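The structure file my_file32.cif is reproduced below (mmCIF, C-alpha atoms and all ligand atoms).
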```
data_run
loop_
_atom_site.label_atom_id
_atom_site.label_comp_id
_atom_site.auth_asym_id
_atom_site.auth_seq_id
_atom_site.Cartn_x
_atom_site.Cartn_y
_atom_site.Cartn_z
CA MET K 1 -7.53 -21.96 17.29
CA SER K 2 -5.88 -25.31 16.55
CA GLU K 3 -8.52 -26.02 13.87
CA LEU K 4 -7.08 -23.21 11.77
CA GLN K 5 -4.96 -24.71 9.04
CA THR K 6 -4.04 -21.58 7.12
CA LEU K 7 -3.51 -18.47 9.15
CA PRO K 8 -3.12 -15.24 7.21
CA ARG K 9 0.33 -13.73 7.69
CA HIS K 10 -1.00 -10.19 7.53
CA VAL K 11 -4.47 -9.19 8.74
CA ALA K 12 -5.80 -5.66 8.16
CA ILE K 13 -8.88 -4.37 9.95
CA ILE K 14 -11.05 -1.34 9.21
CA MET K 15 -12.54 -0.81 12.64
CA ASP K 16 -15.87 0.72 11.65
CA GLY K 17 -19.19 1.29 13.40
CA ASN K 18 -18.34 3.11 16.64
CA GLY K 19 -20.68 6.00 15.78
CA ARG K 20 -23.61 3.73 14.98
CA TRP K 21 -22.96 1.72 18.14
CA ALA K 22 -23.09 4.89 20.23
CA LYS K 23 -26.28 6.01 18.52
CA ALA K 24 -27.94 2.64 19.06
CA HIS K 25 -27.15 2.91 22.78
CA ALA K 26 -28.19 6.58 23.00
CA LEU K 27 -24.62 7.56 23.92
CA GLN K 28 -22.21 10.24 22.73
CA VAL K 29 -20.05 9.23 19.79
CA ALA K 30 -16.95 9.47 22.03
CA GLN K 31 -18.40 6.66 24.14
CA GLY K 32 -18.61 4.52 21.02
CA HIS K 33 -14.94 5.17 20.30
CA ARG K 34 -14.06 4.35 23.90
CA ARG K 35 -15.90 1.02 23.67
CA GLY K 36 -14.08 0.44 20.39
CA THR K 37 -10.74 0.52 22.19
CA GLU K 38 -11.87 -2.46 24.30
CA THR K 39 -12.39 -4.49 21.14
CA LEU K 40 -9.02 -3.27 19.91
CA ARG K 41 -7.31 -4.50 23.07
CA ALA K 42 -8.91 -7.96 22.78
CA ILE K 43 -8.12 -8.37 19.08
CA ILE K 44 -4.48 -7.34 19.53
CA ARG K 45 -4.03 -9.78 22.42
CA GLU K 46 -5.65 -12.62 20.47
CA SER K 47 -3.61 -11.92 17.33
CA SER K 48 -0.44 -12.06 19.39
CA ASP K 49 -1.52 -15.26 21.16
CA ILE K 50 -2.43 -17.19 18.00
CA GLY K 51 0.71 -16.13 16.17
CA ILE K 52 -0.48 -13.70 13.49
CA GLU K 53 2.66 -12.16 12.00
CA ALA K 54 1.32 -8.69 11.18
CA LEU K 55 -1.86 -6.85 12.18
CA SER K 56 -2.73 -3.47 10.63
CA LEU K 57 -5.54 -1.47 12.20
CA TYR K 58 -7.18 1.60 10.69
CA ALA K 59 -7.67 4.04 13.54
CA PHE K 60 -7.86 7.48 11.89
CA SER K 61 -7.88 8.35 8.20
CA THR K 62 -6.63 11.46 6.41
CA GLU K 63 -10.33 12.10 5.71
CA ASN K 64 -11.45 11.79 9.34
CA TRP K 65 -10.31 15.40 9.98
CA LYS K 66 -13.61 16.35 8.32
CA ARG K 67 -15.45 15.33 11.50
CA SER K 68 -16.41 17.84 14.20
CA ALA K 69 -13.66 19.33 16.36
CA ALA K 70 -15.28 17.65 19.36
CA GLU K 71 -15.11 14.19 17.80
CA VAL K 72 -11.58 14.64 16.48
CA GLY K 73 -10.54 15.91 19.93
CA ALA K 74 -12.12 12.90 21.63
CA LEU K 75 -10.33 10.54 19.24
CA MET K 76 -6.99 12.26 19.82
CA SER K 77 -7.43 12.07 23.60
CA LEU K 78 -8.30 8.37 23.39
CA LEU K 79 -5.26 7.78 21.24
CA LEU K 80 -2.98 9.30 23.84
CA GLU K 81 -4.73 7.45 26.65
CA TYR K 82 -4.50 4.18 24.77
CA PHE K 83 -0.80 4.38 23.98
CA THR K 84 0.14 5.61 27.44
CA GLY K 85 -1.95 2.93 29.13
CA GLU K 86 -1.11 -0.06 26.93
CA ILE K 87 2.54 0.38 26.08
CA ASP K 88 3.88 -1.64 29.04
CA GLU K 89 1.70 -4.66 28.29
CA LEU K 90 2.38 -4.51 24.55
CA ASP K 91 6.10 -4.29 25.17
CA GLU K 92 5.90 -7.21 27.60
CA LYS K 93 4.10 -9.23 24.93
CA ASN K 94 7.04 -8.57 22.61
CA VAL K 95 4.80 -6.58 20.21
CA CYS K 96 6.58 -4.33 17.71
CA ILE K 97 4.59 -1.15 17.04
CA ARG K 98 4.71 0.82 13.82
CA ILE K 99 2.58 3.80 12.94
CA LEU K 100 1.30 3.99 9.36
CA GLY K 101 0.55 7.56 8.36
CA ASP K 102 1.83 11.09 8.71
CA LYS K 103 2.75 11.65 12.35
CA ASP K 104 3.83 15.22 11.58
CA GLY K 105 0.19 16.15 11.03
CA LEU K 106 -0.75 15.16 14.59
CA PRO K 107 -0.76 17.29 17.75
CA GLY K 108 2.56 17.29 19.67
CA PRO K 109 1.65 15.03 22.62
CA GLN K 110 0.13 12.39 20.33
CA ARG K 111 3.11 12.50 17.99
CA GLU K 112 5.53 12.12 20.91
CA ALA K 113 3.60 9.18 22.40
CA LEU K 114 3.55 7.38 19.04
CA LEU K 115 7.25 8.00 18.42
CA GLU K 116 8.03 6.73 21.91
CA ALA K 117 5.90 3.58 21.38
CA GLU K 118 7.79 2.89 18.15
CA ARG K 119 11.16 3.58 19.74
CA ARG K 120 10.49 1.43 22.76
CA THR K 121 9.22 -1.62 20.86
CA ARG K 122 11.49 -1.39 17.81
CA GLY K 123 13.58 -4.44 18.75
CA ASN K 124 10.60 -6.66 19.68
CA THR K 125 10.21 -9.82 17.62
CA GLY K 126 6.56 -10.79 18.25
CA LEU K 127 3.40 -9.47 16.58
CA LYS K 128 4.05 -6.64 14.15
CA LEU K 129 1.32 -4.22 15.15
CA ASN K 130 0.71 -1.42 12.66
CA ILE K 131 -1.68 1.33 13.64
CA ALA K 132 -2.84 3.61 10.85
CA ILE K 133 -3.27 7.13 12.16
CA ASN K 134 -3.61 10.14 9.89
CA TYR K 135 -3.22 7.50 7.18
CA GLY K 136 -4.50 7.61 3.60
CA ALA K 137 -3.38 5.17 0.92
CA ARG K 138 -3.41 7.83 -1.79
CA ASP K 139 -1.22 10.06 0.38
CA GLU K 140 1.13 7.11 0.98
CA ILE K 141 1.40 6.31 -2.74
CA LEU K 142 1.88 9.97 -3.66
CA ARG K 143 4.69 10.31 -1.10
CA ALA K 144 6.41 7.23 -2.51
CA ALA K 145 6.14 8.67 -6.05
CA LYS K 146 7.58 12.00 -4.91
CA THR K 147 10.51 10.36 -3.11
CA LEU K 148 11.38 8.30 -6.17
CA ALA K 149 11.02 11.35 -8.43
CA ARG K 150 13.43 13.25 -6.18
CA LYS K 151 15.94 10.37 -6.29
CA ALA K 152 15.68 10.27 -10.08
CA GLN K 153 16.21 14.01 -10.28
CA ASN K 154 19.36 13.65 -8.14
CA THR K 155 20.42 10.81 -10.47
CA GLU K 156 20.46 8.43 -7.48
CA ILE K 157 18.24 6.07 -9.48
CA ASP K 158 17.42 5.44 -13.12
CA PRO K 159 13.65 5.91 -13.70
CA ASP K 160 13.58 3.01 -16.17
CA GLY K 161 15.15 0.73 -13.57
CA ILE K 162 12.57 1.35 -10.81
CA THR K 163 11.15 -1.98 -9.62
CA ALA K 164 8.08 -2.85 -7.57
CA ALA K 165 10.45 -3.55 -4.67
CA ASP K 166 11.91 -0.01 -4.97
CA PHE K 167 8.40 1.41 -4.85
CA GLU K 168 7.32 -0.78 -1.92
CA ALA K 169 10.42 0.28 0.01
CA GLN K 170 8.94 3.80 0.12
CA LEU K 171 5.60 2.72 1.62
CA TYR K 172 4.86 2.83 5.36
CA THR K 173 4.52 -0.97 5.17
CA HIS K 174 8.02 -1.56 3.73
CA ASP K 175 9.32 -5.02 4.73
CA LEU K 176 5.85 -6.31 5.69
CA PRO K 177 4.08 -8.99 3.65
CA ASP K 178 1.07 -7.95 1.52
CA VAL K 179 -2.29 -8.00 3.27
CA ASP K 180 -3.76 -11.53 3.16
CA LEU K 181 -7.06 -10.84 4.90
CA LEU K 182 -8.94 -7.56 5.16
CA ILE K 183 -11.80 -7.34 7.65
CA ARG K 184 -14.16 -4.36 7.74
CA THR K 185 -16.78 -4.37 10.44
CA SER K 186 -20.20 -2.66 10.41
CA GLY K 187 -21.32 -4.09 7.07
CA GLU K 188 -19.86 -1.30 4.92
CA MET K 189 -18.18 -2.75 1.84
CA ARG K 190 -15.51 -0.29 0.83
CA LEU K 191 -11.83 0.33 1.48
CA SER K 192 -12.10 4.02 2.41
CA ASN K 193 -8.50 4.69 1.31
CA PHE K 194 -6.89 1.92 3.40
CA LEU K 195 -3.81 0.03 2.12
CA LEU K 196 -4.88 0.22 -1.54
CA TYR K 197 -1.51 -0.98 -2.84
CA GLN K 198 -1.01 -3.69 -0.22
CA CYS K 199 -4.51 -5.16 -0.64
CA ALA K 200 -4.03 -6.00 -4.34
CA TYR K 201 -4.69 -9.72 -3.64
CA ALA K 202 -6.24 -9.54 -0.19
CA GLU K 203 -9.18 -11.74 0.68
CA MET K 204 -11.94 -9.58 2.14
CA THR K 205 -14.72 -10.08 4.62
CA PHE K 206 -17.37 -7.63 5.79
CA PRO K 207 -19.01 -8.88 8.99
CA ALA K 208 -22.26 -7.06 9.73
CA VAL K 209 -21.31 -6.31 13.30
CA LEU K 210 -20.35 -2.93 14.72
CA TRP K 211 -16.73 -2.66 15.92
CA PRO K 212 -17.55 -2.37 19.67
CA ASP K 213 -19.56 -5.63 19.34
CA PHE K 214 -16.93 -7.48 17.29
CA SER K 215 -16.08 -10.55 19.39
CA LEU K 216 -13.27 -13.07 19.39
CA ASP K 217 -15.77 -15.53 17.89
CA ASP K 218 -16.37 -13.08 15.03
CA TYR K 219 -12.61 -12.79 14.58
CA HIS K 220 -12.16 -16.58 14.55
CA ARG K 221 -14.96 -16.88 11.98
CA ALA K 222 -13.20 -14.41 9.71
CA LEU K 223 -9.92 -16.30 10.07
CA GLU K 224 -11.65 -19.61 9.36
CA ALA K 225 -13.36 -18.16 6.27
CA PHE K 226 -9.91 -17.06 5.08
CA GLY K 227 -8.64 -20.63 5.47
CA ALA K 228 -11.40 -21.85 3.15
CA ARG K 229 -10.71 -19.34 0.36
CA ASP K 230 -9.21 -20.49 -2.92
CA ARG K 231 -6.47 -17.96 -3.60
CA ARG K 232 -5.28 -18.02 -7.19
CA PHE K 233 -3.32 -14.79 -7.71
CA GLY K 234 -4.28 -14.89 -11.35
CA GLY K 235 -3.18 -18.48 -11.86
CA ARG K 236 -4.98 -21.86 -11.57
CA ASN K 237 -4.97 -24.20 -8.63
CA GLU K 238 -6.10 -27.45 -10.32
C1 LIG K 301 -14.85 4.02 13.10
O1 LIG K 301 -16.12 4.26 13.57
C2 LIG K 301 -13.80 4.77 13.87
C3 LIG K 301 -13.21 5.91 13.14
C4 LIG K 301 -13.48 6.27 11.93
C5 LIG K 301 -12.26 6.70 13.88
P1 LIG K 301 -17.03 5.41 12.96
O2 LIG K 301 -16.96 6.59 13.85
O3 LIG K 301 -16.74 5.64 11.54
O4 LIG K 301 -18.46 4.72 13.11
P2 LIG K 301 -19.74 4.94 12.16
O5 LIG K 301 -19.32 4.56 10.78
O6 LIG K 301 -20.10 6.39 12.26
O7 LIG K 301 -20.77 4.03 12.74
C1 LIG K 302 -12.68 4.37 7.75
O1 LIG K 302 -13.93 4.52 8.26
C2 LIG K 302 -11.66 4.94 8.69
C3 LIG K 302 -11.46 4.23 9.94
C4 LIG K 302 -12.09 3.17 10.36
C5 LIG K 302 -10.45 4.79 10.78
P1 LIG K 302 -14.87 5.79 7.92
O2 LIG K 302 -16.08 5.61 8.74
O3 LIG K 302 -14.12 7.04 8.09
O4 LIG K 302 -15.16 5.57 6.37
P2 LIG K 302 -16.36 6.07 5.45
O5 LIG K 302 -16.44 7.56 5.59
O6 LIG K 302 -17.60 5.40 5.95
O7 LIG K 302 -16.00 5.60 4.08
MG MG K 303 -17.53 4.86 9.82
#
```
Encoding of this model in structure tokens:
Amino acid sequence: MSELQTLPRHVAIIMDGNGRWAKAHALQVAQGHRRGTETLRAIIRESSDIGIEALSLYAFSTENWKRSAAEVGALMSLLLEYFTGEIDELDEKNVCIRILGDKDGLPGPQREALLEAERRTRGNTGLKLNIAINYGARDEILRAAKTLARKAQNTEIDPDGITAADFEAQLYTHDLPDVDLLIRTSGEMRLSNFLLYQCAYAEMTFPAVLWPDFSLDDYHRALEAFGARDRRFGGRNE
């Protein structure tokens, strides 16, 4: 990856297309999700190796509960399997894990495994790996608003003095940089309630490849495309 001049500090990925991949291979949807975890493993390892500062992955949205009990159950089992199986290697790689989303809404064993992964890797100084589970950006923003409203009611803060930094401190992503590059696989071009606040100036790319087929070459292409973007943040670069 030496040809990369400008690496994004924070990459966010909407890992989409597991269902279509399973269908295309005449497999159960759970098999698609299982194959998706292999891509996940490879992308995390690569991000750590090339020195990405923060990687945020959308694994389960607040809207994904609408899926069948069988699919939700399969996803929850995979989640547990993934965290139990990968934690040693991630810890060894100095990865710091943070869960974005409402852990209280998850089944007990999953919640415990996620809390343990966070606890165990808290002091690690390598890749900041954020996994969004039971995450919705609107839910995140609403929670932040409620917390600030409560503080104002208790006269802990003055509503007129609330700054962007005060607001951001209430988000799951507090102390992380804004998203620089958002990748959504499978060709869909929407955010589906992912990091709406943090993506205000994100560069976006929508590779037409299903998540289980997303390769390191595809990832490198997305990172290279980012390096070629002209980011202006509302100003002028001439
Ligand atoms: C993304 O794959 C994974 C999750 C939402 C958990 P999908 O399951 O959404 O795959 P498609 O969109 O049906 O192909
Ligand atoms: C977004 O994908 C959620 C995750 C990848 C976890 P969805 O497949 O749920 O999004 P929609 O329904 O196509 O917008
Ligand atoms: Mg989808």
List every residue of region 52-137 of chain K that has an atom at most 12 Å from any atom of region 156-175 of chain K, giving for each one its closest atom pair and the distance in Å to one decimal, counting only C-alpha atoms, sorted by chain and then by ascending residue number, as a tab-separated table.
```
residue	atom	partner	partner_atom	distance
K:Ala54	CA	K:Thr173	CA	10.3
K:Leu55	CA	K:Thr173	CA	11.2
K:Ser56	CA	K:Thr173	CA	9.4
K:Ile97	CA	K:Thr173	CA	11.9
K:Arg98	CA	K:Tyr172	CA	8.7
K:Ile99	CA	K:Tyr172	CA	8.0
K:Leu100	CA	K:Tyr172	CA	5.5
K:Gly101	CA	K:Tyr172	CA	7.1
K:Asp102	CA	K:Tyr172	CA	9.4
K:Lys103	CA	K:Tyr172	CA	11.5
K:Lys128	CA	K:Thr173	CA	10.6
K:Leu129	CA	K:Thr173	CA	11.0
K:Asn130	CA	K:Thr173	CA	8.4
K:Ile131	CA	K:Tyr172	CA	10.7
K:Ala132	CA	K:Tyr172	CA	9.5
K:Ile133	CA	K:Tyr172	CA	11.4
K:Tyr135	CA	K:Tyr172	CA	9.5
K:Gly136	CA	K:Tyr172	CA	10.7
K:Ala137	CA	K:Leu171	CA	9.3
```
Please tabulate, as CSV, the residues of chain K that come within 10 Å of ligand MG 303 (chain K), each with its closest pair of atoms and the distance in Å to one decimal, counting only C-alpha atoms and all ligand atoms and ordering rows by chain, then residue number upward.
```
residue,atom,partner,partner_atom,distance
K:Ile14,CA,K:MG303,MG,9.0
K:Met15,CA,K:MG303,MG,8.1
K:Asp16,CA,K:MG303,MG,4.8
K:Gly17,CA,K:MG303,MG,5.3
K:Asn18,CA,K:MG303,MG,7.1
K:Gly19,CA,K:MG303,MG,6.8
K:Arg20,CA,K:MG303,MG,8.1
K:Asn64,CA,K:MG303,MG,9.2
K:Thr185,CA,K:MG303,MG,9.3
K:Ser186,CA,K:MG303,MG,8.0
K:Glu188,CA,K:MG303,MG,8.2
K:Ser192,CA,K:MG303,MG,9.2
K:Leu210,CA,K:MG303,MG,9.6
K:Trp211,CA,K:MG303,MG,9.7
```
Which residue is closest to Tyr82 (chain K)? Choose from K:Ile183, K:Ala117, K:Val95, K:Ala69 and count all atoms listed in the file.
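Going through K:Ile183, K:Ala117, K:Val95, K:Ala69 one by one, the smallest distance to Tyr82 (chain K) is for K:Ala117.
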Between atom C5 of ligand LIG 302 (chain K) and CA of Ser61 (chain K), what distance in Å does the model show, to one decimal?
5.1 Å
Min atom-atom distance to Asp230 (chain K) from the set K:Leu79, K:Leu216, K:Leu115, K:Ala202, counting only C-alpha atoms, belongs to K:Ala202
